[in-house]
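Asker: Sending over start-v9.cif (mmCIF, C-alpha atoms and all ligand atoms).
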data_upload
#
loop_
_atom_site.label_atom_id
_atom_site.label_comp_id
_atom_site.auth_asym_id
_atom_site.auth_seq_id
_atom_site.Cartn_x
_atom_site.Cartn_y
_atom_site.Cartn_z
CA MET A 1 -18.74 1.98 18.86
CA LYS A 2 -16.74 4.36 21.06
CA SER A 3 -15.09 7.48 19.66
CA ILE A 4 -11.74 9.21 20.08
CA ILE A 5 -11.59 12.98 19.59
CA LEU A 6 -8.45 14.56 18.19
CA LYS A 7 -6.78 17.86 19.05
CA PRO A 8 -7.24 20.71 16.56
CA LYS A 9 -5.32 20.29 13.26
CA LYS A 10 -4.37 16.69 14.11
CA GLU A 11 -6.79 15.41 11.44
CA GLU A 12 -4.58 16.69 8.62
CA SER A 13 -2.43 13.59 8.11
CA ILE A 14 -5.51 11.37 8.37
CA LEU A 15 -7.27 13.38 5.66
CA ARG A 16 -4.23 12.54 3.51
CA HIS A 17 -4.89 8.86 4.41
CA HIS A 18 -1.95 8.29 6.72
CA PRO A 19 -3.26 5.35 8.79
CA TRP A 20 -1.76 6.12 12.23
CA VAL A 21 -3.12 8.25 15.07
CA PHE A 22 -0.37 9.06 17.56
CA SER A 23 -1.28 9.20 21.25
CA GLY A 24 -0.16 12.85 21.40
CA ALA A 25 -2.82 13.81 18.84
CA ILE A 26 -5.71 12.70 21.04
CA ALA A 27 -7.77 15.27 22.98
CA SER A 28 -10.11 12.83 24.68
CA LEU A 29 -10.40 9.08 25.06
CA PRO A 30 -13.63 7.36 26.14
CA ASP A 31 -13.72 5.50 29.45
CA ASN A 32 -13.07 1.78 29.50
CA LEU A 33 -11.62 1.65 26.01
CA GLU A 34 -10.00 -1.77 25.72
CA GLU A 35 -6.85 -2.55 23.75
CA GLY A 36 -7.75 -3.92 20.36
CA GLU A 37 -11.23 -2.41 20.32
CA LEU A 38 -12.56 -0.78 17.17
CA VAL A 39 -12.96 3.01 17.59
CA ARG A 40 -14.22 5.85 15.50
CA VAL A 41 -11.80 8.76 15.11
CA ILE A 42 -13.36 12.25 15.16
CA SER A 43 -11.71 15.60 14.40
CA SER A 44 -11.88 18.55 16.80
CA ASP A 45 -14.55 20.11 14.54
CA ASN A 46 -16.61 16.93 14.73
CA ARG A 47 -15.90 15.29 11.39
CA ILE A 48 -15.80 11.47 11.30
CA LEU A 49 -12.38 10.54 9.96
CA GLY A 50 -12.40 6.75 10.03
CA ILE A 51 -12.41 3.54 12.06
CA GLY A 52 -9.41 1.73 13.48
CA HIS A 53 -7.99 -0.55 16.14
CA PHE A 54 -7.08 1.11 19.43
CA GLN A 55 -3.86 0.22 21.23
CA ILE A 56 -1.93 1.60 24.21
CA GLY A 57 1.34 3.08 22.97
CA SER A 58 2.76 5.77 20.77
CA ILE A 59 0.61 4.66 17.81
CA ALA A 60 -2.80 4.76 19.51
CA VAL A 61 -5.02 3.90 16.53
CA ARG A 62 -4.28 2.04 13.32
CA LEU A 63 -6.96 3.04 10.85
CA LEU A 64 -8.62 0.30 8.81
CA GLN A 65 -10.96 2.54 6.88
CA PHE A 66 -11.26 6.28 6.19
CA GLY A 67 -14.51 8.25 6.04
CA ASP A 68 -17.77 7.98 7.95
CA ALA A 69 -19.09 4.57 6.82
CA ASP A 70 -19.32 1.54 9.11
CA LEU A 71 -16.91 -1.34 8.54
CA PRO A 72 -18.58 -3.81 6.19
CA GLU A 73 -19.36 -7.27 7.55
CA ASP A 74 -17.03 -8.84 4.95
CA PHE A 75 -14.18 -6.31 5.53
CA PHE A 76 -11.39 -8.92 5.81
CA ARG A 77 -12.64 -10.99 2.88
CA LYS A 78 -12.63 -7.90 0.65
CA ARG A 79 -9.20 -6.68 1.73
CA LEU A 80 -7.68 -10.15 1.36
CA GLU A 81 -9.25 -10.58 -2.08
CA SER A 82 -7.75 -7.29 -3.15
CA ALA A 83 -4.33 -8.29 -1.76
CA PHE A 84 -4.55 -11.62 -3.62
CA ARG A 85 -5.56 -9.90 -6.85
CA LEU A 86 -2.37 -7.81 -6.68
CA ARG A 87 -0.17 -10.90 -6.16
CA LYS A 88 -1.82 -12.52 -9.16
CA THR A 89 -1.06 -9.43 -11.22
CA LEU A 90 2.54 -9.72 -10.08
CA GLU A 91 2.58 -13.33 -11.37
CA LEU A 92 3.95 -14.65 -8.11
CA ILE A 93 1.69 -17.70 -8.05
CA ARG A 94 3.16 -20.20 -10.50
CA PRO A 95 4.13 -23.88 -10.51
CA ASP A 96 7.74 -22.79 -9.88
CA ASN A 97 6.88 -20.16 -7.23
CA ASN A 98 4.44 -20.70 -4.39
CA CYS A 99 5.84 -18.47 -1.67
CA TYR A 100 5.03 -14.79 -1.45
CA ARG A 101 3.79 -12.14 0.95
CA LEU A 102 0.02 -11.84 0.70
CA VAL A 103 -0.44 -9.05 3.24
CA HIS A 104 2.16 -6.40 4.04
CA GLY A 105 0.44 -4.39 6.78
CA GLU A 106 -0.23 -0.77 5.85
CA GLY A 107 0.91 -1.52 2.28
CA ASP A 108 -2.21 -3.65 1.90
CA PHE A 109 -4.45 -1.34 3.95
CA LEU A 110 -4.38 -3.85 6.83
CA PRO A 111 -2.20 -2.14 9.45
CA GLY A 112 -0.85 -4.53 12.07
CA LEU A 113 -1.15 -7.66 9.90
CA VAL A 114 1.45 -9.66 7.98
CA ILE A 115 0.67 -12.84 6.06
CA ASP A 116 3.20 -14.94 4.15
CA ILE A 117 2.12 -17.86 1.98
CA TYR A 118 4.14 -21.07 1.64
CA GLY A 119 2.31 -23.38 -0.74
CA ASP A 120 -1.00 -24.24 0.91
CA THR A 121 -0.03 -22.81 4.32
CA ALA A 122 -0.51 -19.19 5.36
CA VAL A 123 1.59 -17.89 8.26
CA VAL A 124 -0.20 -15.01 9.98
CA GLN A 125 1.51 -12.46 12.24
CA ALA A 126 -0.47 -9.90 14.22
CA HIS A 127 1.43 -6.80 15.30
CA SER A 128 -1.55 -5.19 17.03
CA PRO A 129 -4.06 -6.43 19.63
CA GLY A 130 -6.86 -5.52 17.23
CA MET A 131 -5.59 -7.97 14.60
CA HIS A 132 -5.01 -10.57 17.32
CA PHE A 133 -8.70 -10.49 18.26
CA GLU A 134 -9.70 -10.76 14.58
CA ARG A 135 -7.45 -13.77 13.92
CA MET A 136 -10.21 -16.35 13.41
CA LYS A 137 -12.09 -14.09 11.02
CA ILE A 138 -8.85 -13.57 9.07
CA ALA A 139 -8.09 -17.31 9.02
CA ASP A 140 -11.59 -18.12 7.73
CA ALA A 141 -11.36 -15.46 5.04
CA LEU A 142 -7.96 -16.85 3.96
CA THR A 143 -9.23 -20.38 3.40
CA GLN A 144 -12.20 -19.03 1.47
CA LEU A 145 -10.13 -16.98 -0.98
CA PRO A 146 -11.00 -18.38 -4.39
CA GLU A 147 -7.94 -19.70 -6.27
CA ALA A 148 -5.47 -19.20 -3.38
CA ARG A 149 -5.84 -22.83 -2.25
CA ILE A 150 -4.87 -22.10 1.36
CA ARG A 151 -5.66 -25.08 3.57
CA ASN A 152 -3.64 -24.45 6.71
CA VAL A 153 -3.36 -21.24 8.69
CA TYR A 154 -0.56 -21.01 11.25
CA TYR A 155 -0.72 -18.14 13.73
CA LYS A 156 2.68 -16.86 14.90
CA SER A 157 2.40 -13.74 17.01
CA GLU A 158 4.18 -14.60 20.25
CA THR A 159 7.04 -12.24 19.44
CA THR A 160 5.23 -9.57 17.43
CA LEU A 161 2.41 -8.51 19.76
CA PRO A 162 3.03 -5.86 22.40
CA PHE A 163 4.22 -7.64 25.50
CA LYS A 164 2.37 -5.31 27.86
CA ALA A 165 -1.01 -6.09 26.31
CA ARG A 166 -0.86 -9.51 28.08
CA LEU A 167 -2.69 -11.25 25.27
CA ASP A 168 -0.86 -14.52 25.80
CA PRO A 169 -1.00 -15.48 22.13
CA GLN A 170 -0.08 -19.07 21.46
CA ASN A 171 1.65 -19.96 18.23
CA ASP A 172 -0.59 -22.63 16.70
CA TYR A 173 -2.62 -23.73 13.72
CA LEU A 174 -5.92 -21.84 13.58
CA ILE A 175 -7.09 -23.99 10.69
CA GLY A 176 -5.65 -27.23 9.32
CA HIS A 177 -2.38 -28.77 10.46
CA PHE A 178 1.21 -29.35 9.45
CA ASP A 179 1.31 -31.05 6.07
CA GLY A 180 4.79 -30.39 4.76
CA ASN A 181 6.92 -27.27 4.76
CA ILE A 182 8.73 -27.18 1.45
CA ALA A 183 8.07 -24.02 -0.55
CA ILE A 184 9.26 -23.19 -4.04
CA GLU A 185 10.82 -19.85 -4.93
CA ASN A 186 11.82 -19.28 -8.56
CA GLY A 187 12.16 -23.03 -9.01
CA LEU A 188 14.36 -23.53 -5.93
CA ARG A 189 13.08 -25.49 -2.95
CA PHE A 190 13.29 -24.34 0.65
CA ASN A 191 12.39 -25.95 3.98
CA ILE A 192 10.45 -23.23 5.79
CA ASP A 193 10.56 -23.51 9.57
CA TRP A 194 7.60 -21.38 10.61
CA LEU A 195 7.48 -23.15 13.98
CA ARG A 196 10.93 -22.14 15.17
CA GLY A 197 12.34 -19.79 12.52
CA GLN A 198 12.63 -16.00 12.57
CA LYS A 199 9.73 -13.90 11.26
CA THR A 200 7.38 -16.24 9.38
CA GLY A 201 10.24 -18.66 8.73
CA PHE A 202 11.76 -17.14 5.61
CA PHE A 203 12.81 -13.74 4.28
CA VAL A 204 10.44 -13.58 1.33
CA ASP A 205 11.52 -9.97 0.77
CA GLN A 206 14.89 -10.90 -0.77
CA ARG A 207 13.42 -13.00 -3.62
CA GLU A 208 14.23 -10.59 -6.44
CA ASN A 209 17.59 -9.60 -5.01
CA ARG A 210 18.54 -13.27 -4.76
CA ALA A 211 17.54 -13.72 -8.42
CA LEU A 212 19.80 -10.79 -9.37
CA LEU A 213 22.66 -12.32 -7.38
CA GLU A 214 22.32 -15.54 -9.37
CA LYS A 215 23.26 -13.62 -12.52
CA TYR A 216 26.53 -12.45 -10.96
CA ALA A 217 27.53 -15.79 -9.45
CA LYS A 218 29.13 -17.61 -12.39
CA ASP A 219 32.69 -18.71 -11.64
CA ARG A 220 32.88 -16.55 -8.54
CA ASN A 221 33.94 -17.37 -4.99
CA VAL A 222 30.95 -16.30 -2.96
CA LEU A 223 30.62 -15.32 0.70
CA ASN A 224 27.02 -15.20 1.95
CA MET A 225 27.28 -13.37 5.27
CA PHE A 226 24.24 -13.54 7.62
CA CYS A 227 22.93 -16.45 5.55
CA TYR A 228 19.94 -17.49 7.76
CA THR A 229 18.16 -20.08 5.55
CA GLY A 230 20.81 -19.88 2.85
CA GLY A 231 18.60 -18.21 0.25
CA PHE A 232 21.41 -16.31 -1.47
CA SER A 233 23.70 -19.39 -1.27
CA VAL A 234 21.27 -21.64 -3.13
CA TYR A 235 20.80 -19.07 -5.91
CA ALA A 236 24.58 -18.60 -6.17
CA LEU A 237 25.06 -22.35 -6.57
CA ARG A 238 22.45 -22.47 -9.33
CA GLY A 239 24.16 -19.50 -10.96
CA GLY A 240 27.37 -21.52 -11.35
CA ALA A 241 29.49 -20.20 -8.49
CA LYS A 242 32.91 -21.82 -8.06
CA THR A 243 32.55 -21.94 -4.25
CA VAL A 244 29.95 -20.67 -1.79
CA ASP A 245 30.66 -20.08 1.91
CA SER A 246 27.66 -19.33 4.14
CA VAL A 247 28.15 -17.68 7.53
CA ASP A 248 25.70 -17.10 10.38
CA SER A 249 26.29 -16.78 14.12
CA SER A 250 23.30 -19.02 14.80
CA ALA A 251 23.95 -22.76 14.63
CA LYS A 252 20.26 -23.24 13.87
CA ALA A 253 20.53 -20.95 10.84
CA ALA A 254 23.66 -22.76 9.67
CA ALA A 255 21.75 -26.06 9.88
CA LEU A 256 18.83 -24.57 7.90
CA THR A 257 21.25 -23.42 5.21
CA ASP A 258 22.83 -26.88 5.00
CA ALA A 259 19.39 -28.47 4.71
CA ASN A 260 18.34 -26.11 1.90
CA VAL A 261 21.57 -26.60 -0.05
CA GLU A 262 21.15 -30.36 0.35
CA LEU A 263 17.53 -30.16 -0.85
CA ASN A 264 18.54 -28.48 -4.13
CA PHE A 265 22.11 -29.62 -4.77
CA SER A 266 22.64 -32.83 -2.88
CA ASP A 267 26.24 -33.41 -1.79
CA ASP A 268 27.57 -30.32 -3.58
CA LYS A 269 31.22 -29.94 -2.62
CA ARG A 270 31.27 -26.27 -3.61
CA HIS A 271 29.36 -25.24 -0.48
CA HIS A 272 30.50 -24.83 3.15
CA THR A 273 28.74 -23.40 6.18
CA TYR A 274 30.33 -21.68 9.17
CA ALA A 275 28.45 -20.94 12.40
CA THR A 276 30.42 -17.95 13.63
CA ASP A 277 30.25 -14.20 14.20
CA ALA A 278 30.34 -12.07 11.06
CA PHE A 279 32.84 -9.53 12.33
CA LYS A 280 35.16 -12.28 13.57
CA TYR A 281 34.96 -14.13 10.25
CA LEU A 282 35.63 -10.97 8.24
CA ALA A 283 38.56 -9.99 10.46
CA GLU A 284 40.18 -13.42 10.16
CA MET A 285 39.59 -14.21 6.48
CA GLU A 286 42.37 -13.72 3.94
CA ASN A 287 42.31 -10.85 1.47
CA ASP A 288 41.10 -11.62 -2.06
CA LYS A 289 39.43 -14.89 -1.00
CA TYR A 290 36.05 -13.79 -2.36
CA ASP A 291 34.93 -11.87 -5.41
CA LEU A 292 31.21 -11.87 -4.59
CA ILE A 293 30.11 -10.95 -1.06
CA ILE A 294 26.59 -10.61 0.34
CA LEU A 295 26.04 -8.63 3.55
CA ASP A 296 22.43 -8.96 4.70
CA PRO A 297 22.58 -8.30 8.46
CA PRO A 298 19.66 -8.06 10.90
CA ALA A 299 18.38 -4.51 11.46
CA PHE A 300 21.27 -2.71 13.21
CA ALA A 301 18.92 0.16 14.21
CA LYS A 302 15.56 -1.18 15.38
CA HIS A 303 14.50 2.18 16.84
CA ARG A 304 15.34 5.81 16.26
CA SER A 305 17.36 5.78 19.50
CA ALA A 306 19.72 3.20 17.99
CA LEU A 307 20.21 5.07 14.73
CA LYS A 308 23.68 6.49 15.38
CA ASN A 309 25.17 3.17 16.51
CA GLY A 310 23.37 1.37 13.74
CA LEU A 311 24.98 3.57 11.10
CA ILE A 312 28.40 2.99 12.67
CA GLY A 313 27.68 -0.75 12.47
CA TYR A 314 26.85 -0.56 8.75
CA ARG A 315 29.98 1.49 8.09
CA LYS A 316 32.28 -0.93 9.93
CA LEU A 317 30.76 -4.02 8.37
CA ASN A 318 31.02 -2.65 4.84
CA ALA A 319 34.53 -1.29 5.43
CA LYS A 320 35.71 -4.81 6.27
CA ALA A 321 34.19 -6.19 3.08
CA PHE A 322 35.77 -3.43 0.94
CA GLU A 323 39.12 -4.07 2.61
CA LYS A 324 39.07 -7.79 1.80
CA ILE A 325 37.13 -8.25 -1.44
CA LYS A 326 39.12 -9.23 -4.53
CA SER A 327 39.70 -6.65 -7.23
CA GLY A 328 36.84 -6.80 -9.73
CA GLY A 329 34.60 -8.11 -6.96
CA VAL A 330 30.91 -7.44 -6.50
CA LEU A 331 29.32 -6.58 -3.15
CA PHE A 332 25.60 -6.96 -2.43
CA THR A 333 24.99 -4.94 0.73
CA PHE A 334 21.67 -4.41 2.55
CA SER A 335 19.96 -2.65 5.41
CA CYS A 336 16.49 -3.67 6.59
CA SER A 337 16.35 -1.00 9.36
CA GLN A 338 13.23 1.05 8.77
CA VAL A 339 14.71 4.14 10.49
CA VAL A 340 17.79 4.13 8.26
CA THR A 341 16.83 6.00 5.09
CA ARG A 342 18.16 5.17 1.66
CA GLU A 343 20.39 8.29 1.81
CA MET A 344 21.76 7.46 5.27
CA PHE A 345 22.61 3.93 4.20
CA ARG A 346 24.32 5.11 1.06
CA LEU A 347 26.35 7.62 3.04
CA ALA A 348 27.46 4.92 5.53
CA VAL A 349 28.54 2.66 2.64
CA PHE A 350 30.23 5.58 0.87
CA THR A 351 32.19 6.42 4.05
CA ALA A 352 33.27 2.78 4.31
CA ALA A 353 34.40 2.76 0.68
CA SER A 354 36.34 5.95 1.07
CA GLN A 355 38.03 4.72 4.27
CA SER A 356 39.13 1.55 2.53
CA GLY A 357 40.63 3.52 -0.34
CA ARG A 358 38.86 1.31 -2.91
CA LYS A 359 37.29 2.67 -6.08
CA VAL A 360 33.61 1.71 -5.91
CA ARG A 361 30.76 2.07 -8.38
CA ILE A 362 27.04 1.52 -7.84
CA LEU A 363 25.60 -1.02 -10.28
CA HIS A 364 22.09 -1.43 -8.83
CA GLN A 365 20.01 0.17 -6.11
CA LEU A 366 17.73 -2.43 -4.61
CA THR A 367 14.57 -2.34 -2.56
CA GLN A 368 11.76 -4.53 -1.27
CA PRO A 369 9.77 -6.45 -3.90
CA ALA A 370 6.30 -5.60 -5.13
CA ASP A 371 4.58 -8.07 -2.78
CA HIS A 372 5.81 -5.73 0.00
CA PRO A 373 4.06 -2.64 -1.40
CA ILE A 374 4.34 0.82 0.14
CA ASP A 375 1.14 2.83 0.59
CA ILE A 376 2.12 6.22 -0.85
CA SER A 377 0.41 7.90 2.14
CA HIS A 378 2.58 5.86 4.52
CA PRO A 379 6.25 6.30 3.63
CA GLU A 380 7.23 4.44 6.83
CA GLY A 381 6.37 1.25 4.91
CA GLU A 382 9.69 1.44 3.06
CA TYR A 383 12.40 -0.49 4.89
CA LEU A 384 14.64 -2.63 2.67
CA LYS A 385 17.56 -0.94 0.93
CA GLY A 386 20.37 -2.54 -0.99
CA LEU A 387 23.32 -1.58 -3.15
CA VAL A 388 25.18 -3.73 -5.64
CA LEU A 389 28.71 -2.38 -5.91
CA TYR A 390 31.61 -3.06 -8.23
CA VAL A 391 34.91 -2.83 -6.42
CA GLU A 392 37.89 -2.01 -8.62
N1 LIG B 1 20.10 -13.14 4.18
C1 LIG B 1 19.08 -13.89 4.83
C2 LIG B 1 18.40 -13.13 5.97
C3 LIG B 1 19.34 -12.63 7.04
S1 LIG B 1 18.59 -12.41 8.59
C4 LIG B 1 18.07 -14.39 3.81
O1 LIG B 1 18.15 -14.06 2.62
O2 LIG B 1 17.15 -15.10 4.20
C5 LIG B 1 19.93 -12.03 9.59
C6 LIG B 1 20.77 -13.23 10.07
O3 LIG B 1 21.93 -12.69 10.70
C7 LIG B 1 20.11 -14.12 11.11
O4 LIG B 1 20.07 -15.45 10.64
C8 LIG B 1 21.01 -14.04 12.35
O5 LIG B 1 21.20 -15.28 13.01
C9 LIG B 1 22.32 -13.58 11.75
N2 LIG B 1 23.22 -12.81 12.64
C10 LIG B 1 22.88 -11.88 13.56
N3 LIG B 1 23.98 -11.34 14.13
C11 LIG B 1 25.05 -11.96 13.55
C12 LIG B 1 26.47 -11.84 13.68
N4 LIG B 1 27.02 -10.98 14.54
N5 LIG B 1 27.25 -12.61 12.91
C13 LIG B 1 26.72 -13.50 12.03
N6 LIG B 1 25.39 -13.65 11.86
C14 LIG B 1 24.57 -12.89 12.61
#
Reformat the file's structure so that it appears as structure tokens.
Ligand code: SAH
Answerer:
Amino acid sequence: MKSIILKPKKEESILRHHPWVFSGAIASLPDNLEEGELVRVISSDNRILGIGHFQIGSIAVRLLQFGDADLPEDFFRKRLESAFRLRKTLELIRPDNNCYRLVHGEGDFLPGLVIDIYGDTAVVQAHSPGMHFERMKIADALTQLPEARIRNVYYKSETTLPFKARLDPQNDYLIGHFDGNIAIENGLRFNIDWLRGQKTGFFVDQRENRALLEKYAKDRNVLNMFCYTGGFSVYALRGGAKTVDSVDSSAKAAALTDANVELNFSDDKRHHTYATDAFKYLAEMENDKYDLIILDPPAFAKHRSALKNGLIGYRKLNAKAFEKIKSGGVLFTFSCSQVVTREMFRLAVFTAASQSGRKVRILHQLTQPADHPIDISHPEGEYLKGLVLYVE
């Protein structure tokens, strides 16, 4: 195996088990190192720090293992077993819940890999060339996990792998085939479109926040903004909402929402879907129409360079909701931008509240669920932030 040598002092974060080696930390790279190859990382004073996948870009190595040992032959089997053991501890695998995140990248010590489970199908996303090359090994290990009962493995990395690596990944089944796509979350059924949908087809990360919303829904008029598959809408209907309006600019998302409402509450007259822009809908809607609003937009700041505009976006969006929500209303507001910290998000929402002149109290501070764990050595793994607010 080839080795990468670091500049002096650049081993410090790795000794604290941070799994990334930035390109600027590298003193010398071996010749002919290919993207996705396994490399050993060595400190300037010749200590072996670990083994990881090499990649061209700002993050040059994603470490899979620390220390001087070789990677064991059954590396993926062991890591996947440990990930599965955690999900069992979390009691996410039940007759009334068969969708969960099995692997959350660095949070499961598998940087560059995401795996969501929908019943007996695993949807695998590689974010690094190294994981792309290991995909068959990963798929085999998944179907061999005792108790997990995974029969089909769908690989979906066309949009997550670095474009420049020219890997030409094809979205396809690595093992098994399509045999139904209905998953169950907390007793509610969802059509998961892993073939055409965003991410792996569903935002598994909002499960607990949707369950909290259900408790607030009774007798309320609900607006689910940025509804995608209608997750929050279906929980609101089960929670006894008076009306639920779902809004998404994508007609495909609106259709997915309709299908999921239909699947759980056939012909329910309380629900309506609108395929339109969020800002337009908020600007045109009457005051006091809703007393429960969910704002779960796509990441407004995908990179650090977009941070300032992203924060302005969060402020404007929330200001509109504060302006229009009925007195005594509850607002569930989220940011999934990794570069927006909890404090920044709260400040943007606070500024919006203060501009609207409404009296606002924080009822809950929300985050990503436990099947999206954060490695304590890798704080970058935290991304989802939410506030539940009571608007006087
Ligand atoms: N709340 C959803 C996830 C939201 S993902 C859930 O629980 O599953 C973000 C959604 O916002 C996407 O479906 C996308 O189509 C939609 N979207 C993006 N920009 C929008 C805009 N300007 N107006 C309305 N919807 C938008």
Asker: Using all atoms listed in the file, give me every residue within 9 Å of (30.9, -25.6, 2.8) in file coordinates, as a PDB file with C-alpha atoms, in the frame of the given file.
Answerer:
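Resulting contents of selection-v1.pdb:
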ATOM      1  CA  THR A 243      32.550 -21.940  -4.250  1.00  0.00           C
ATOM      2  CA  VAL A 244      29.950 -20.670  -1.790  1.00  0.00           C
ATOM      3  CA  ASP A 245      30.660 -20.080   1.910  1.00  0.00           C
ATOM      4  CA  SER A 246      27.660 -19.330   4.140  1.00  0.00           C
ATOM      5  CA  ASP A 258      22.830 -26.880   5.000  1.00  0.00           C
ATOM      6  CA  ASP A 268      27.570 -30.320  -3.580  1.00  0.00           C
ATOM      7  CA  LYS A 269      31.220 -29.940  -2.620  1.00  0.00           C
ATOM      8  CA  ARG A 270      31.270 -26.270  -3.610  1.00  0.00           C
ATOM      9  CA  HIS A 271      29.360 -25.240  -0.480  1.00  0.00           C
ATOM     10  CA  HIS A 272      30.500 -24.830   3.150  1.00  0.00           C
ATOM     11  CA  THR A 273      28.740 -23.400   6.180  1.00  0.00           C
ATOM     12  CA  TYR A 274      30.330 -21.680   9.170  1.00  0.00           C
TER      13      TYR A 274
END
Asker: Quick one, how far is atom S1 of ligand LIG 1 (chain B) from CA of Arg79 in chain A?
Answerer: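 Result for atom S1 of ligand LIG 1 (chain B) versus CA of Arg79 in chain A: 29.2 Å, one decimal.
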Asker: Could you report the residues within 7 Å of ligand LIG 1 (chain B), using all atoms listed in the file, as a PDB file with C-alpha atoms, in the coordinates of the input?
Answerer:
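Produced file selection-v9.pdb, reproduced below:
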ATOM      1  CA  PHE A 202      11.760 -17.140   5.610  1.00  0.00           C
ATOM      2  CA  PHE A 203      12.810 -13.740   4.280  1.00  0.00           C
ATOM      3  CA  GLN A 206      14.890 -10.900  -0.770  1.00  0.00           C
ATOM      4  CA  MET A 225      27.280 -13.370   5.270  1.00  0.00           C
ATOM      5  CA  PHE A 226      24.240 -13.540   7.620  1.00  0.00           C
ATOM      6  CA  CYS A 227      22.930 -16.450   5.550  1.00  0.00           C
ATOM      7  CA  TYR A 228      19.940 -17.490   7.760  1.00  0.00           C
ATOM      8  CA  THR A 229      18.160 -20.080   5.550  1.00  0.00           C
ATOM      9  CA  GLY A 230      20.810 -19.880   2.850  1.00  0.00           C
ATOM     10  CA  GLY A 231      18.600 -18.210   0.250  1.00  0.00           C
ATOM     11  CA  PHE A 232      21.410 -16.310  -1.470  1.00  0.00           C
ATOM     12  CA  VAL A 247      28.150 -17.680   7.530  1.00  0.00           C
ATOM     13  CA  ASP A 248      25.700 -17.100  10.380  1.00  0.00           C
ATOM     14  CA  SER A 249      26.290 -16.780  14.120  1.00  0.00           C
ATOM     15  CA  SER A 250      23.300 -19.020  14.800  1.00  0.00           C
ATOM     16  CA  ALA A 253      20.530 -20.950  10.840  1.00  0.00           C
ATOM     17  CA  THR A 276      30.420 -17.950  13.630  1.00  0.00           C
ATOM     18  CA  ASP A 277      30.250 -14.200  14.200  1.00  0.00           C
ATOM     19  CA  ALA A 278      30.340 -12.070  11.060  1.00  0.00           C
ATOM     20  CA  PHE A 279      32.840  -9.530  12.330  1.00  0.00           C
ATOM     21  CA  ASP A 296      22.430  -8.960   4.700  1.00  0.00           C
ATOM     22  CA  PRO A 297      22.580  -8.300   8.460  1.00  0.00           C
ATOM     23  CA  PRO A 298      19.660  -8.060  10.900  1.00  0.00           C
TER      24      PRO A 298
END
Asker: Report, in Å with one decimal, the straight-line distance from CA of Val222 in chain A to CA of Val330 in chain A.
Answerer: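 Pair CA of Val222 in chain A / CA of Val330 in chain A returns 9.5 Å.
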Asker: Tell me, as a PyMOL selection string, which residues lie within 12 Å of range 14-30 of chain A, counting all atoms listed in the file; anything in the same chain fewer than 5 positions away does not count.
Answerer: chain A and resi 1-9+37+39-45+47-67+105-112+374-381
Asker: What does the distance between CA of Lys88 in chain A and CA of Ala370 in chain A come to in Å, to one decimal place?
Answerer: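 Calculated distance between CA of Lys88 in chain A and CA of Ala370 in chain A is 11.4 Å.
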Asker: Could you give me, as a list in words, the residues that sit within 8 Å of (6.4, -18.3, 12.5) in the file's coordinates, counting only C-alpha atoms?
Answerer: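 Using only C-alpha atoms, the matching residues come out as Val123, Val124, Gln125, Tyr154, Tyr155, Lys156, Ser157, Asn171, Asp193, Trp194, Leu195, Arg196, Gly197, Gln198, Lys199, Thr200 and Gly201 of chain A.
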Asker: Determine, for each residue of range 218-332 of chain A having at least one atom at most 12 Å from an atom of range 177-184 of chain A, the closest pair of atoms and their separation in Å to one decimal, counting all atoms listed in the file; order by chain and ascending number, as JSON lines.
Answerer:
{"residue": "A:Gly231", "atom": "CA", "partner": "A:Ile184", "partner_atom": "CA", "distance": 11.4}
{"residue": "A:Ala259", "atom": "CA", "partner": "A:Ile182", "partner_atom": "CA", "distance": 11.2}
{"residue": "A:Asn260", "atom": "CA", "partner": "A:Ile182", "partner_atom": "CA", "distance": 9.7}
{"residue": "A:Leu263", "atom": "CA", "partner": "A:Ile182", "partner_atom": "CA", "distance": 9.6}
{"residue": "A:Asn264", "atom": "CA", "partner": "A:Ile184", "partner_atom": "CA", "distance": 10.7}
Asker: I'd like the contact shell of Ser128 in chain A - 7 Å cut-off, all atoms listed in the file, skipping same-chain residues fewer than 3 positions apart - returned as a short mmCIF file (atom, residue, chain, number, x, y, z; two decimals) with C-alpha atoms, in the frame of the given file.
Answerer:
data_model
loop_
_atom_site.label_atom_id
_atom_site.label_comp_id
_atom_site.auth_asym_id
_atom_site.auth_seq_id
_atom_site.Cartn_x
_atom_site.Cartn_y
_atom_site.Cartn_z
CA GLY A 112 -0.85 -4.53 12.07
CA MET A 131 -5.59 -7.97 14.60
CA HIS A 132 -5.01 -10.57 17.32
CA LEU A 161 2.41 -8.51 19.76
#
Asker: Compare A:Thr143, A:Ser266, A:Asn152, A:Thr160 by their minimum atom-to-atom distance to Gly176 in chain A, counting only C-alpha atoms, and give me the closest one.
Answerer: A:Asn152
Asker: Would you pick out the contacts of Pro369 in chain A at 9 Å or less, using all atoms listed in the file, so that residues sharing its chain but fewer than 5 positions from it are not included, and give the list as a PDB file with C-alpha atoms, in the frame of the given file?
Answerer:
ATOM      1  CA  VAL A 204      10.440 -13.580   1.330  1.00  0.00           C
ATOM      2  CA  ASP A 205      11.520  -9.970   0.770  1.00  0.00           C
ATOM      3  CA  GLN A 206      14.890 -10.900  -0.770  1.00  0.00           C
ATOM      4  CA  ARG A 207      13.420 -13.000  -3.620  1.00  0.00           C
ATOM      5  CA  GLU A 208      14.230 -10.590  -6.440  1.00  0.00           C
ATOM      6  CA  ASN A 209      17.590  -9.600  -5.010  1.00  0.00           C
TER       7      ASN A 209
END
